[in-house]
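Colleague: mmCIF, C-alpha atoms, file entry_18.cif:
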```cif
data_data
loop_
_atom_site.label_atom_id
_atom_site.label_comp_id
_atom_site.auth_asym_id
_atom_site.auth_seq_id
_atom_site.Cartn_x
_atom_site.Cartn_y
_atom_site.Cartn_z
CA MET A 1 -19.61 12.85 -22.84
CA LYS A 2 -18.38 15.99 -21.13
CA ILE A 3 -21.22 15.89 -18.61
CA TYR A 4 -20.61 12.18 -18.06
CA HIS A 5 -16.96 12.93 -17.34
CA LYS A 6 -17.83 15.71 -14.94
CA ILE A 7 -20.36 13.68 -12.96
CA PHE A 8 -18.86 10.21 -12.96
CA LYS A 9 -15.10 10.71 -13.30
CA LYS A 10 -14.18 13.90 -11.50
CA PRO A 11 -14.72 14.14 -7.74
CA TRP A 12 -17.47 16.54 -6.65
CA PRO A 13 -16.59 19.40 -4.32
CA TYR A 14 -17.32 18.67 -0.65
CA TRP A 15 -20.00 21.36 -0.42
CA VAL A 16 -21.95 19.76 -3.29
CA GLY A 17 -21.90 16.48 -1.34
CA GLY A 18 -23.05 18.30 1.78
CA ILE A 19 -26.00 19.95 0.03
CA ILE A 20 -27.15 16.68 -1.58
CA LEU A 21 -26.82 14.69 1.69
CA ALA A 22 -28.88 17.35 3.50
CA LEU A 23 -31.62 17.22 0.84
CA LEU A 24 -31.65 13.40 0.94
CA ASN A 25 -31.97 13.41 4.74
CA ILE A 26 -34.90 15.87 4.53
CA LEU A 27 -36.49 13.73 1.81
CA MET A 28 -36.06 10.61 3.97
CA LEU A 29 -37.68 12.24 7.02
CA SER A 30 -40.62 13.50 4.99
CA ILE A 31 -41.27 10.25 3.07
CA THR A 32 -40.53 7.62 5.71
CA GLY A 33 -41.01 9.61 8.92
CA SER A 34 -37.51 8.61 10.01
CA ALA A 35 -34.23 10.50 9.67
CA TRP A 36 -30.98 8.84 8.53
CA LYS A 37 -29.57 6.39 11.10
CA VAL A 38 -26.91 3.73 10.68
CA THR A 39 -25.53 1.88 13.68
CA THR A 40 -28.63 0.34 15.25
CA GLY A 41 -28.56 -1.81 12.12
CA PHE A 42 -25.14 -3.16 13.16
CA LEU A 43 -26.53 -4.09 16.58
CA PHE A 44 -29.45 -5.87 14.91
CA TRP A 45 -26.99 -7.97 12.87
CA GLY A 46 -25.02 -8.81 16.00
CA ALA A 47 -28.21 -9.77 17.83
CA GLY A 48 -29.36 -11.77 14.81
CA ILE A 49 -26.11 -13.74 14.80
CA LEU A 50 -26.42 -14.43 18.55
CA GLU A 51 -29.98 -15.60 18.00
CA LYS A 52 -28.82 -17.98 15.24
CA VAL A 53 -26.31 -19.62 17.57
CA GLY A 54 -28.87 -20.17 20.31
CA PHE A 55 -28.91 -17.07 22.54
CA ALA A 56 -32.02 -14.98 23.18
CA PRO A 57 -30.91 -11.35 22.75
CA ASN A 58 -34.51 -10.25 22.16
CA LYS A 59 -35.03 -10.80 25.89
CA TRP A 60 -32.33 -8.27 26.77
CA TYR A 61 -33.33 -5.22 28.76
CA TYR A 62 -32.10 -3.01 25.90
CA PHE A 63 -34.79 -4.09 23.46
CA ALA A 64 -37.61 -3.45 25.94
CA ALA A 65 -36.43 0.07 26.83
CA TYR A 66 -36.78 3.42 25.00
CA ASN A 67 -38.69 1.98 22.06
CA ASN A 68 -35.45 0.17 21.09
CA GLY A 69 -37.09 -3.04 19.93
CA LEU A 70 -37.86 -4.21 16.41
CA LYS A 71 -40.83 -2.60 14.71
CA ASP A 72 -43.72 -4.72 13.43
CA GLY A 73 -42.91 -6.87 10.43
CA GLN A 74 -39.14 -6.51 10.88
CA SER A 75 -36.52 -8.99 11.97
CA PHE A 76 -32.90 -8.65 13.08
CA PHE A 77 -31.75 -9.28 9.51
CA MET A 78 -34.63 -7.81 7.50
CA ASN A 79 -35.28 -4.24 8.62
CA THR A 80 -35.00 -0.67 7.35
CA TYR A 81 -31.40 -0.39 8.66
CA THR A 82 -30.28 -3.44 6.70
CA VAL A 83 -31.90 -2.02 3.57
CA ILE A 84 -30.33 1.44 3.80
CA ASN A 85 -26.90 0.20 4.95
CA PHE A 86 -26.66 -2.22 2.03
CA ALA A 87 -27.93 0.53 -0.26
CA VAL A 88 -25.08 2.84 0.82
CA ILE A 89 -22.54 0.08 0.06
CA ILE A 90 -24.12 -0.61 -3.36
CA GLY A 91 -24.35 3.14 -4.09
CA ALA A 92 -20.63 3.61 -3.45
CA LEU A 93 -19.86 0.50 -5.51
CA LEU A 94 -21.94 1.86 -8.41
CA ALA A 95 -20.13 5.19 -8.29
CA VAL A 96 -16.65 3.59 -8.45
CA LEU A 97 -17.68 1.18 -11.21
CA TRP A 98 -19.12 3.98 -13.36
CA ALA A 99 -15.78 5.74 -12.97
CA SER A 100 -13.88 2.48 -13.65
CA GLU A 101 -11.99 2.95 -10.39
CA PHE A 102 -12.91 -0.18 -8.47
CA LYS A 103 -9.97 -1.99 -6.88
CA TRP A 104 -9.66 -4.40 -3.97
CA LYS A 105 -7.53 -2.68 -1.37
CA LYS A 106 -5.72 -5.06 0.93
CA ILE A 107 -4.89 -4.65 4.62
CA LYS A 108 -1.33 -3.38 4.96
CA SER A 109 -0.26 -4.64 8.34
CA PHE A 110 -1.31 -6.55 11.44
CA ARG A 111 -1.17 -3.32 13.41
CA GLN A 112 -3.61 -1.64 11.00
CA LEU A 113 -5.96 -4.60 11.39
CA GLY A 114 -5.82 -4.36 15.19
CA PHE A 115 -6.56 -0.65 15.20
CA ALA A 116 -9.46 -1.14 12.77
CA LEU A 117 -11.02 -3.78 15.00
CA LEU A 118 -10.44 -1.79 18.20
CA GLY A 119 -11.74 1.42 16.63
CA GLY A 120 -14.85 -0.39 15.43
CA ILE A 121 -15.53 -1.85 18.89
CA LEU A 122 -15.08 1.57 20.58
CA MET A 123 -17.44 3.23 18.09
CA GLY A 124 -20.01 0.45 18.38
CA TYR A 125 -20.02 0.55 22.19
CA GLY A 126 -20.17 4.35 22.19
CA THR A 127 -23.24 4.40 19.97
CA ARG A 128 -25.28 2.42 22.52
CA LEU A 129 -24.51 4.99 25.22
CA SER A 130 -25.25 8.02 23.07
CA PHE A 131 -28.27 6.69 21.11
CA GLY A 132 -26.52 6.78 17.75
CA CYS A 133 -23.39 7.52 15.78
CA ASN A 134 -22.33 10.72 14.08
CA ILE A 135 -25.29 10.25 11.75
CA GLY A 136 -28.15 9.44 14.13
CA ALA A 137 -26.87 11.42 17.12
CA TYR A 138 -25.30 14.32 15.21
CA PHE A 139 -26.06 14.73 11.50
CA SER A 140 -29.77 13.94 12.03
CA ALA A 141 -30.02 15.09 15.67
CA ILE A 142 -28.85 18.70 15.37
CA PRO A 143 -31.45 19.52 12.66
CA SER A 144 -34.03 17.80 14.92
CA PHE A 145 -33.37 20.53 17.54
CA SER A 146 -32.48 17.91 20.16
CA LEU A 147 -29.78 19.07 22.57
CA HIS A 148 -28.05 15.67 22.54
CA GLY A 149 -26.93 16.30 18.95
CA TRP A 150 -24.89 19.33 20.02
CA VAL A 151 -23.46 17.56 23.07
CA PHE A 152 -22.50 14.59 20.89
CA GLY A 153 -20.80 16.87 18.34
CA ILE A 154 -18.72 18.68 20.97
CA PHE A 155 -17.55 15.52 22.75
CA MET A 156 -16.91 13.66 19.49
CA PHE A 157 -14.41 16.44 18.82
CA VAL A 158 -12.78 15.76 22.21
CA GLY A 159 -12.65 12.06 21.35
CA ALA A 160 -11.19 12.81 17.91
CA ALA A 161 -8.43 14.89 19.53
CA ILE A 162 -7.56 11.98 21.86
CA GLY A 163 -7.67 9.63 18.87
CA CYS A 164 -5.23 11.85 16.94
CA LYS A 165 -2.79 11.71 19.91
CA ILE A 166 -2.99 7.91 19.85
CA LEU A 167 -2.44 7.90 16.08
CA TYR A 168 0.68 10.03 16.36
CA LYS A 169 2.05 7.81 19.08
CA TYR A 170 1.41 4.35 17.68
CA LEU A 171 0.47 4.44 14.02
CA LEU A 172 2.37 7.19 12.24
CA MET B 1 4.51 21.52 -3.78
CA THR B 2 4.20 23.94 -6.68
CA SER B 3 1.13 23.91 -8.89
CA ASN B 4 3.25 22.72 -11.83
CA LYS B 5 4.27 19.64 -9.94
CA ILE B 6 0.67 18.95 -9.00
CA GLU B 7 -0.37 19.23 -12.63
CA GLU B 8 2.37 16.79 -13.64
CA LEU B 9 1.10 14.34 -11.04
CA ILE B 10 -2.46 14.73 -12.30
CA LYS B 11 -1.35 14.03 -15.88
CA LYS B 12 0.57 10.97 -14.77
CA ARG B 13 -2.49 9.78 -12.88
CA GLN B 14 -4.70 10.29 -15.92
CA MET B 15 -2.32 8.24 -18.09
CA GLU B 16 -2.49 5.44 -15.56
CA ASN B 17 -6.25 5.66 -15.52
CA LYS B 18 -6.42 5.27 -19.29
CA LYS B 19 -4.46 2.07 -19.05
CA LYS B 20 -6.92 0.71 -16.53
CA LYS B 21 -9.68 -1.61 -17.61
CA ASN B 22 -13.04 -0.16 -18.46
CA GLN B 23 -15.44 -1.28 -15.71
CA THR B 24 -18.61 0.10 -17.31
CA PRO B 25 -20.05 -3.39 -18.06
CA TYR B 26 -19.84 -4.24 -14.34
CA GLY B 27 -21.34 -0.83 -13.62
CA ILE B 28 -24.33 -1.60 -15.85
CA GLY B 29 -24.67 -5.03 -14.25
CA VAL B 30 -24.76 -3.67 -10.69
CA THR B 31 -27.12 -0.87 -11.77
CA LEU B 32 -29.54 -3.49 -13.10
CA LEU B 33 -29.18 -5.54 -9.91
CA ALA B 34 -29.99 -2.43 -7.83
CA LEU B 35 -33.09 -1.84 -9.98
CA VAL B 36 -34.25 -5.44 -9.62
CA ILE B 37 -33.88 -5.20 -5.83
CA TYR B 38 -35.80 -1.91 -5.92
CA LEU B 39 -38.69 -3.52 -7.82
CA ALA B 40 -38.70 -6.51 -5.47
CA LEU B 41 -38.81 -4.23 -2.43
CA LEU B 42 -41.57 -2.17 -4.03
CA ASN B 43 -43.76 -5.27 -3.92
CA TYR B 44 -42.52 -6.49 -0.55
CA ASN B 45 -42.60 -3.30 1.51
CA LEU B 46 -43.05 0.23 0.16
CA ARG B 47 -41.14 1.83 3.04
CA PHE B 48 -38.14 -0.45 2.43
CA SER B 49 -38.06 0.60 -1.23
CA SER B 50 -37.82 4.30 -0.26
CA PHE B 51 -34.92 3.52 2.09
CA TRP B 52 -33.24 1.54 -0.70
CA ILE B 53 -33.35 4.30 -3.30
CA ILE B 54 -32.34 7.08 -0.89
CA GLY B 55 -29.54 4.89 0.49
CA ILE B 56 -28.17 4.29 -3.03
CA LEU B 57 -28.18 8.05 -3.66
CA ILE B 58 -26.40 8.63 -0.32
CA GLY B 59 -23.73 6.06 -1.25
CA VAL B 60 -23.18 7.59 -4.69
CA THR B 61 -22.99 11.11 -3.24
CA MET B 62 -20.58 10.17 -0.45
CA GLN B 63 -18.29 8.32 -2.85
CA ARG B 64 -18.31 11.00 -5.56
CA SER B 65 -17.68 13.87 -3.17
CA ARG B 66 -15.17 11.87 -1.03
CA PHE B 67 -17.35 12.72 1.94
CA CYS B 68 -16.05 11.56 5.30
CA PHE B 69 -17.54 12.57 8.63
CA ALA B 70 -14.50 11.24 10.49
CA ALA B 71 -12.12 13.39 8.45
CA SER B 72 -14.26 16.48 9.08
CA PHE B 73 -13.27 16.18 12.76
CA ARG B 74 -9.77 14.82 12.26
CA ASP B 75 -8.47 17.19 9.55
CA PRO B 76 -8.85 20.42 11.55
CA ILE B 77 -6.71 18.83 14.29
CA MET B 78 -4.14 17.06 12.15
CA VAL B 79 -3.71 19.30 9.08
CA GLY B 80 -5.71 22.43 9.93
CA SER B 81 -8.11 21.95 7.03
CA THR B 82 -11.81 22.60 7.58
CA SER B 83 -13.20 22.19 4.04
CA LEU B 84 -15.11 19.01 5.02
CA LEU B 85 -16.31 20.52 8.29
CA LYS B 86 -17.62 23.53 6.35
CA ALA B 87 -19.49 21.19 3.97
CA ILE B 88 -21.10 19.49 6.97
CA LEU B 89 -22.06 22.86 8.45
CA ILE B 90 -23.72 23.76 5.12
CA ALA B 91 -25.56 20.43 5.26
CA LEU B 92 -26.67 21.10 8.86
CA ILE B 93 -27.92 24.58 7.90
CA ILE B 94 -30.03 23.19 5.04
CA SER B 95 -31.39 20.24 7.01
CA THR B 96 -32.19 22.48 9.99
CA VAL B 97 -34.57 24.43 7.74
CA GLY B 98 -36.00 21.25 6.16
CA PHE B 99 -36.48 19.41 9.46
CA PHE B 100 -38.03 22.56 10.95
CA ILE B 101 -40.73 22.65 8.27
CA ILE B 102 -41.53 18.95 8.78
CA GLN B 103 -41.64 19.31 12.58
CA TYR B 104 -43.66 22.53 12.37
CA ASN B 105 -46.38 20.77 10.37
CA THR B 106 -46.62 18.02 12.99
CA ILE B 107 -46.59 20.40 15.96
CA GLU B 108 -49.41 22.43 14.34
CA ILE B 109 -51.58 19.31 14.61
CA HIS B 110 -50.35 17.53 17.75
CA GLY B 111 -48.84 20.30 19.85
CA LEU B 112 -45.59 20.23 21.78
CA HIS B 113 -46.44 18.17 24.86
CA LEU B 114 -45.78 14.71 23.39
CA LEU B 115 -42.17 14.57 22.20
CA GLU B 116 -42.68 11.07 20.72
CA ASN B 117 -44.89 12.58 18.03
CA ILE B 118 -42.22 14.96 16.78
CA PRO B 119 -40.37 13.62 13.72
CA GLY B 120 -36.58 13.39 13.91
CA GLN B 121 -33.96 12.20 16.37
CA LEU B 122 -35.00 13.25 19.87
CA LYS B 123 -33.11 11.36 22.59
CA PRO B 124 -32.16 11.79 26.26
CA VAL B 125 -29.13 13.99 26.83
CA GLY B 126 -26.65 13.67 29.68
CA LEU B 127 -23.28 12.36 30.75
CA HIS B 128 -23.93 9.18 28.74
CA THR B 129 -24.11 11.26 25.53
CA ALA B 130 -20.69 12.78 26.25
CA LEU B 131 -19.16 9.43 27.22
CA GLY B 132 -20.51 7.69 24.13
CA ALA B 133 -19.38 10.55 21.89
CA ILE B 134 -15.82 10.46 23.27
CA LEU B 135 -15.58 6.69 22.73
CA PHE B 136 -16.98 7.21 19.26
CA GLY B 137 -14.55 10.03 18.44
CA VAL B 138 -11.51 8.01 19.54
CA GLY B 139 -12.68 4.94 17.64
CA MET B 140 -13.49 6.91 14.51
CA VAL B 141 -10.00 8.39 14.27
CA ILE B 142 -8.03 5.22 14.99
CA ALA B 143 -10.23 3.12 12.69
CA GLY B 144 -9.96 5.76 9.96
CA GLY B 145 -13.68 6.18 9.39
CA CYS B 146 -17.08 6.32 11.01
CA ALA B 147 -20.16 4.19 10.37
CA SER B 148 -21.30 5.72 7.08
CA GLY B 149 -17.71 6.04 5.83
CA THR B 150 -17.08 2.39 6.64
CA LEU B 151 -20.05 1.34 4.50
CA MET B 152 -18.91 3.60 1.65
CA ARG B 153 -15.35 2.22 1.71
CA ILE B 154 -16.57 -1.38 1.72
CA GLY B 155 -18.34 -0.46 -1.54
CA GLU B 156 -15.07 0.96 -2.86
CA GLY B 157 -13.29 -2.33 -2.16
CA TYR B 158 -11.44 -1.68 1.10
CA ILE B 159 -11.04 -4.97 2.97
CA LEU B 160 -9.89 -3.14 6.13
CA GLN B 161 -13.33 -1.57 6.53
CA ILE B 162 -14.94 -5.01 6.71
CA VAL B 163 -12.83 -5.50 9.85
CA VAL B 164 -14.08 -2.13 11.18
CA LEU B 165 -17.66 -3.29 10.50
CA ILE B 166 -17.04 -6.54 12.41
CA GLY B 167 -15.67 -4.49 15.32
CA PHE B 168 -18.69 -2.22 15.10
CA ILE B 169 -21.08 -5.17 15.33
CA ILE B 170 -19.18 -6.60 18.33
CA GLY B 171 -19.07 -3.22 20.10
CA ALA B 172 -22.73 -2.36 19.48
CA THR B 173 -23.83 -5.79 20.70
CA MET B 174 -21.70 -5.49 23.86
CA GLY B 175 -23.08 -2.01 24.46
CA ALA B 176 -26.65 -3.25 24.18
CA ARG B 177 -25.85 -6.15 26.55
CA HIS B 178 -24.57 -3.66 29.17
CA PHE B 179 -27.34 -1.14 28.50
CA GLU B 180 -29.25 -1.97 31.69
CA PHE B 181 -26.23 -0.92 33.79
CA TRP B 182 -25.78 2.41 31.96
CA ASP B 183 -29.50 3.08 32.03
CA LYS B 184 -29.64 2.59 35.80
CA ILE B 185 -26.66 4.78 36.66
CA LEU B 186 -26.96 7.49 33.97
CA ILE B 187 -29.54 7.44 31.22
CA SER B 188 -32.73 7.03 33.27
CA LYS B 189 -31.75 10.13 35.27
CA SER B 190 -31.55 12.33 32.19
CA LYS B 191 -34.24 13.63 29.89
CA THR B 192 -34.78 14.51 26.27
CA ILE B 193 -34.34 18.21 25.66
CA TYR B 194 -36.19 19.47 22.62
CA ILE B 195 -34.85 23.02 22.31
CA PRO B 196 -38.05 24.62 20.88
CA LYS B 197 -39.95 23.51 23.99
CA TYR B 198 -37.81 25.90 26.03
CA LEU B 199 -37.03 28.70 23.57
CA GLY B 200 -40.05 28.58 21.30
CA LEU B 201 -40.24 27.30 17.73
CA PHE B 202 -39.10 30.25 15.65
CA PRO B 203 -36.50 31.57 18.12
CA SER B 204 -34.90 28.09 18.16
CA LEU B 205 -34.72 28.08 14.37
CA ILE B 206 -33.18 31.55 14.21
CA ILE B 207 -30.69 30.91 17.04
CA GLN B 208 -29.59 27.57 15.59
CA LEU B 209 -29.09 29.10 12.14
CA ILE B 210 -27.05 31.97 13.62
CA VAL B 211 -24.87 29.51 15.58
CA LEU B 212 -24.31 27.30 12.51
CA VAL B 213 -23.49 30.23 10.22
CA GLY B 214 -21.20 31.62 12.93
CA LEU B 215 -19.40 28.27 13.18
CA TYR B 216 -19.02 28.28 9.40
CA PHE B 217 -17.19 31.61 9.51
CA VAL B 218 -15.02 30.46 12.41
CA ALA B 219 -14.14 27.29 10.44
CA ASP B 220 -13.37 29.38 7.36
CA TRP B 221 -11.09 31.68 9.35
CA PHE B 222 -9.38 28.70 11.03
CA ASP B 223 -8.71 27.09 7.65
CA LYS B 224 -7.13 30.22 6.17
CA LYS B 225 -4.91 30.55 9.22
CA ASN B 226 -3.87 26.93 9.76
CA SER B 227 -4.45 24.73 6.73
CA ILE B 228 -1.29 23.27 5.22
CA MET B 229 -3.36 22.84 2.02
CA SER B 230 -4.17 26.51 1.47
CA SER B 231 -0.57 27.64 1.97
CA MET B 232 0.70 25.38 -0.81
#
```
Represent the structure from my file as structure tokens, please.

Modeller:
Amino acid sequence: MKIYHKIFKKPWPYWVGGIILALLNILMLSITGSAWKVTTGFLFWGAGILEKVGFAPNKWYYFAAYNNGLKDGQSFFMNTYTVINFAVIIGALLAVLWASEFKWKKIKSFRQLGFALLGGILMGYGTRLSFGCNIGAYFSAIPSFSLHGWVFGIFMFVGAAIGCKILYKYLL
Amino acid sequence: MTSNKIEELIKKRQMENKKKKNQTPYGIGVTLLALVIYLALLNYNLRFSSFWIIGILIGVTMQRSRFCFAASFRDPIMVGSTSLLKAILIALIISTVGFFIIQYNTIEIHGLHLLENIPGQLKPVGLHTALGAILFGVGMVIAGGCASGTLMRIGEGYILQIVVLIGFIIGATMGARHFEFWDKILISKSKTIYIPKYLGLFPSLIIQLIVLVGLYFVADWFDKKNSIMSSM
């Protein structure tokens, strides 16, 4: 019971999380040939929705360039990104349920909702320029020895500093 | 806050937790569901099943260790704490070594001339990287979480993060729609820079490790000097 308490009830130190995430990313690259990436999956869902309502996003320039298109046997809704992104949600849900800590947490204000939506849009747009988010273009890119990972990390810090200024001014 | 007061708060918290309902039955239910999906994927597509199991482990780890990439960049600025940033630097040190071994094995066979063959995230670098990263950094702080953190918090029950996800989908789709414009003016003019191609394989590994370890010590020093947490 003591071990159960330690693993499932008490939070782990950050550095333990860091070590495990690193090992999982290495494992993923060696088994699947692909490092951890997140946000292209969000684009695929957006494109999938557009396709459902009658547009033809698969004809966009984006999907023909830089090997950006869907791989064989995958669709906008059924692809490796969908699988891993849902898995992360389910993994977090499992962890809170085992600790009996699950609770719906409501949105506090209209302003919070607006900032969430705006922040999401800014991040989403940014990821298309930089070929990934702070996972694909940073957490997986720096260990890949690609210079863009370092550039992304430095300028994400600049962006975060600007974001903090905005927070102080409008949210806090 | 004195440590006595903190302990009192912890005790109060624990009492509240005891009153809370036991959610283990739901936990067992979702665990079984995850297993069923794993078995189904195993039959459907072996690669998908690997992504599923690793993804679950990532979700569990991020939730248990309260991992947040956004906070690792925000906390040093807002509260002077670098404990998350240090954890990420440790992760980058370990994965640098792991990725190096995987890439080394490929380069032994295929050589260095074809970057597409090298496993990992190798992408063009230029002004577009900086621009995208700044947009991302701003968005991450005002939305209160990045992509992976958003997924984790949806699993924890935060409704706000579903809104962030919707924004993310809208933004990523708009970005892809405008990609032709950005490619013409910026991206197509830049190239992918794989550091070992210029510095050599082993020197790149050593230099990167020295830089990461150096950053760790700088972060540690910064924390001791500035963190409002460590002076409590």

Colleague: Given the point (-20.2, 23.8, -3.0) in the coordinates of this file, which residues lie within 12 Å, counting only C-alpha atoms, and how would they look as a CSV table (one decimal) with C-alpha atoms, keeping the file's coordinate frame?

Modeller:
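After the write, part_18.csv holds the following:
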```csv
chain,number,residue,atom,x,y,z
A,12,TRP,CA,-17.5,16.5,-6.6
A,13,PRO,CA,-16.6,19.4,-4.3
A,14,TYR,CA,-17.3,18.7,-0.6
A,15,TRP,CA,-20.0,21.4,-0.4
A,16,VAL,CA,-22.0,19.8,-3.3
A,17,GLY,CA,-21.9,16.5,-1.3
A,18,GLY,CA,-23.0,18.3,1.8
A,19,ILE,CA,-26.0,20.0,0.0
A,20,ILE,CA,-27.2,16.7,-1.6
B,65,SER,CA,-17.7,13.9,-3.2
B,83,SER,CA,-13.2,22.2,4.0
B,84,LEU,CA,-15.1,19.0,5.0
B,86,LYS,CA,-17.6,23.5,6.4
B,87,ALA,CA,-19.5,21.2,4.0
B,88,ILE,CA,-21.1,19.5,7.0
B,89,LEU,CA,-22.1,22.9,8.4
B,90,ILE,CA,-23.7,23.8,5.1
B,91,ALA,CA,-25.6,20.4,5.3
```

Colleague: Env of range 68-72 of chain A: 12 Å cut, atoms = only C-alpha atoms, seq-sep filter 3 positions within chain, self excluded. Answer as a list in words.

Modeller: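 Everything that qualifies: Thr40, Gly41, Leu43, Phe44, Ala47, Gly48, Pro57, Asn58, Lys59, Trp60, Tyr61, Tyr62, Phe63, Ala64, Ala65, Ser75, Phe76, Phe77, Met78, Asn79, Thr80, Tyr81, Arg128, Phe131 and Gly132 of chain A; Lys123, Ala176 and Phe179 of chain B.
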
Colleague: Identify, on the basis of only C-alpha atoms, every residue whose closest approach to Arg47 in chain B does not exceed 8 Å; exclude the query and any residue fewer than 3 positions from it along the same chain; express the result as a ChimeraX atom specification.

Modeller: /A:32,80 /B:50-51

Colleague: Give me, please, the distance in Å between CA of Thr127 in chain A and CA of Arg153 in chain B, quoted to one decimal.

Modeller: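 Distance between the two atoms: 20.0 Å.
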
Colleague: Here's the selection I'm unsure about, the PyMOL selection byres ((chain B and resi 131) around 8); applied to the file above, which residues does it give, as an mmCIF file with C-alpha atoms, in the frame of the given file?

Modeller:
```
data_model
loop_
_atom_site.group_PDB
_atom_site.id
_atom_site.type_symbol
_atom_site.label_atom_id
_atom_site.label_comp_id
_atom_site.auth_asym_id
_atom_site.auth_seq_id
_atom_site.Cartn_x
_atom_site.Cartn_y
_atom_site.Cartn_z
ATOM 1 C CA GLY A 126 -20.170 4.350 22.190
ATOM 2 C CA LEU A 129 -24.510 4.990 25.220
ATOM 3 C CA SER A 130 -25.250 8.020 23.070
ATOM 4 C CA PHE A 155 -17.550 15.520 22.750
ATOM 5 C CA LEU B 127 -23.280 12.360 30.750
ATOM 6 C CA HIS B 128 -23.930 9.180 28.740
ATOM 7 C CA THR B 129 -24.110 11.260 25.530
ATOM 8 C CA ALA B 130 -20.690 12.780 26.250
ATOM 9 C CA GLY B 132 -20.510 7.690 24.130
ATOM 10 C CA ALA B 133 -19.380 10.550 21.890
ATOM 11 C CA ILE B 134 -15.820 10.460 23.270
ATOM 12 C CA LEU B 135 -15.580 6.690 22.730
#
```

Colleague: Using the chain letters and numbers from the file, which residues does the PyMOL selection byres ((chain A and resi 145) around 10) grab, as a PyMOL selection string?

Modeller: (chain A and resi 140-144+146-150) or (chain B and resi 96+99-100+103+120-122+193-197+201+204-205+208)

Colleague: Kindly save the residues from that selection, with C-alpha atoms included, as a short mmCIF file (atom, residue, chain, number, x, y, z; two decimals), in the frame of the given file.

Modeller:
```cif
data_model
loop_
_atom_site.label_atom_id
_atom_site.label_comp_id
_atom_site.auth_asym_id
_atom_site.auth_seq_id
_atom_site.Cartn_x
_atom_site.Cartn_y
_atom_site.Cartn_z
CA SER A 140 -29.77 13.94 12.03
CA ALA A 141 -30.02 15.09 15.67
CA ILE A 142 -28.85 18.70 15.37
CA PRO A 143 -31.45 19.52 12.66
CA SER A 144 -34.03 17.80 14.92
CA SER A 146 -32.48 17.91 20.16
CA LEU A 147 -29.78 19.07 22.57
CA HIS A 148 -28.05 15.67 22.54
CA GLY A 149 -26.93 16.30 18.95
CA TRP A 150 -24.89 19.33 20.02
CA THR B 96 -32.19 22.48 9.99
CA PHE B 99 -36.48 19.41 9.46
CA PHE B 100 -38.03 22.56 10.95
CA GLN B 103 -41.64 19.31 12.58
CA GLY B 120 -36.58 13.39 13.91
CA GLN B 121 -33.96 12.20 16.37
CA LEU B 122 -35.00 13.25 19.87
CA ILE B 193 -34.34 18.21 25.66
CA TYR B 194 -36.19 19.47 22.62
CA ILE B 195 -34.85 23.02 22.31
CA PRO B 196 -38.05 24.62 20.88
CA LYS B 197 -39.95 23.51 23.99
CA LEU B 201 -40.24 27.30 17.73
CA SER B 204 -34.90 28.09 18.16
CA LEU B 205 -34.72 28.08 14.37
CA GLN B 208 -29.59 27.57 15.59
#
```

Colleague: Go ahead and compute the interatomic distance for CA of Ser227 in chain B and CA of Phe136 in chain B, in Å to one decimal.

Modeller: 24.9 Å

Colleague: What does the distance between CA of Lys10 in chain A and CA of Arg64 in chain B come to in Å, to one decimal place?

Modeller: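 Going from CA of Lys10 in chain A over to CA of Arg64 in chain B, I get 7.8 Å.
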
Colleague: So which residues touch range 165-173 of chain B within 6 Å, counting only C-alpha atoms, skipping near sequence neighbours fewer than 5 positions away, as a PyMOL selection string?

Modeller: chain A and resi 42-43+46+117+120-121+124-125

Colleague: Go through B:Gly29, B:Gly111, B:Pro124, B:Pro76 one by one, measure the shortest atom-to-atom distance of each to Lys191 in chain B using only C-alpha atoms, and give the residue with the smallest value.

Modeller: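 The shortest atom-to-atom distance to Lys191 in chain B comes from B:Pro124.
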
Colleague: Please determine, counting all atoms listed in the file, which residue among B:Leu85, B:Phe48, B:Tyr38, B:Asn43 has the shortest atom-to-atom distance to Val218 in chain B.

Modeller: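 Looking at the shortest contact to Val218 in chain B, the residue is B:Leu85.
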
Colleague: N, CA and C atoms are what I want for range 114-120 of chain B; can you complete it accordingly and write them as a PDB file, in the frame of the given file?

Modeller:
```pdb
ATOM      1  N   LEU B 114     -46.234  16.090  23.561  1.00  0.00           N
ATOM      2  CA  LEU B 114     -45.780  14.710  23.390  1.00  0.00           C
ATOM      3  C   LEU B 114     -44.578  14.661  22.438  1.00  0.00           C
ATOM      4  N   LEU B 115     -43.376  14.537  23.024  1.00  0.00           N
ATOM      5  CA  LEU B 115     -42.170  14.570  22.200  1.00  0.00           C
ATOM      6  C   LEU B 115     -42.092  13.379  21.236  1.00  0.00           C
ATOM      7  N   GLU B 116     -42.756  12.255  21.587  1.00  0.00           N
ATOM      8  CA  GLU B 116     -42.680  11.070  20.720  1.00  0.00           C
ATOM      9  C   GLU B 116     -43.300  11.333  19.354  1.00  0.00           C
ATOM     10  N   ASN B 117     -44.214  12.299  19.304  1.00  0.00           N
ATOM     11  CA  ASN B 117     -44.890  12.580  18.030  1.00  0.00           C
ATOM     12  C   ASN B 117     -44.042  13.404  17.077  1.00  0.00           C
ATOM     13  N   ILE B 118     -42.991  14.043  17.618  1.00  0.00           N
ATOM     14  CA  ILE B 118     -42.220  14.960  16.780  1.00  0.00           C
ATOM     15  C   ILE B 118     -41.225  14.183  15.923  1.00  0.00           C
ATOM     16  N   PRO B 119     -41.273  14.363  14.592  1.00  0.00           N
ATOM     17  CA  PRO B 119     -40.370  13.620  13.720  1.00  0.00           C
ATOM     18  C   PRO B 119     -38.916  14.050  13.916  1.00  0.00           C
ATOM     19  N   GLY B 120     -38.003  13.091  13.780  1.00  0.00           N
ATOM     20  CA  GLY B 120     -36.580  13.390  13.910  1.00  0.00           C
ATOM     21  C   GLY B 120     -35.942  12.569  15.004  1.00  0.00           C
TER      22      GLY B 120
END
```
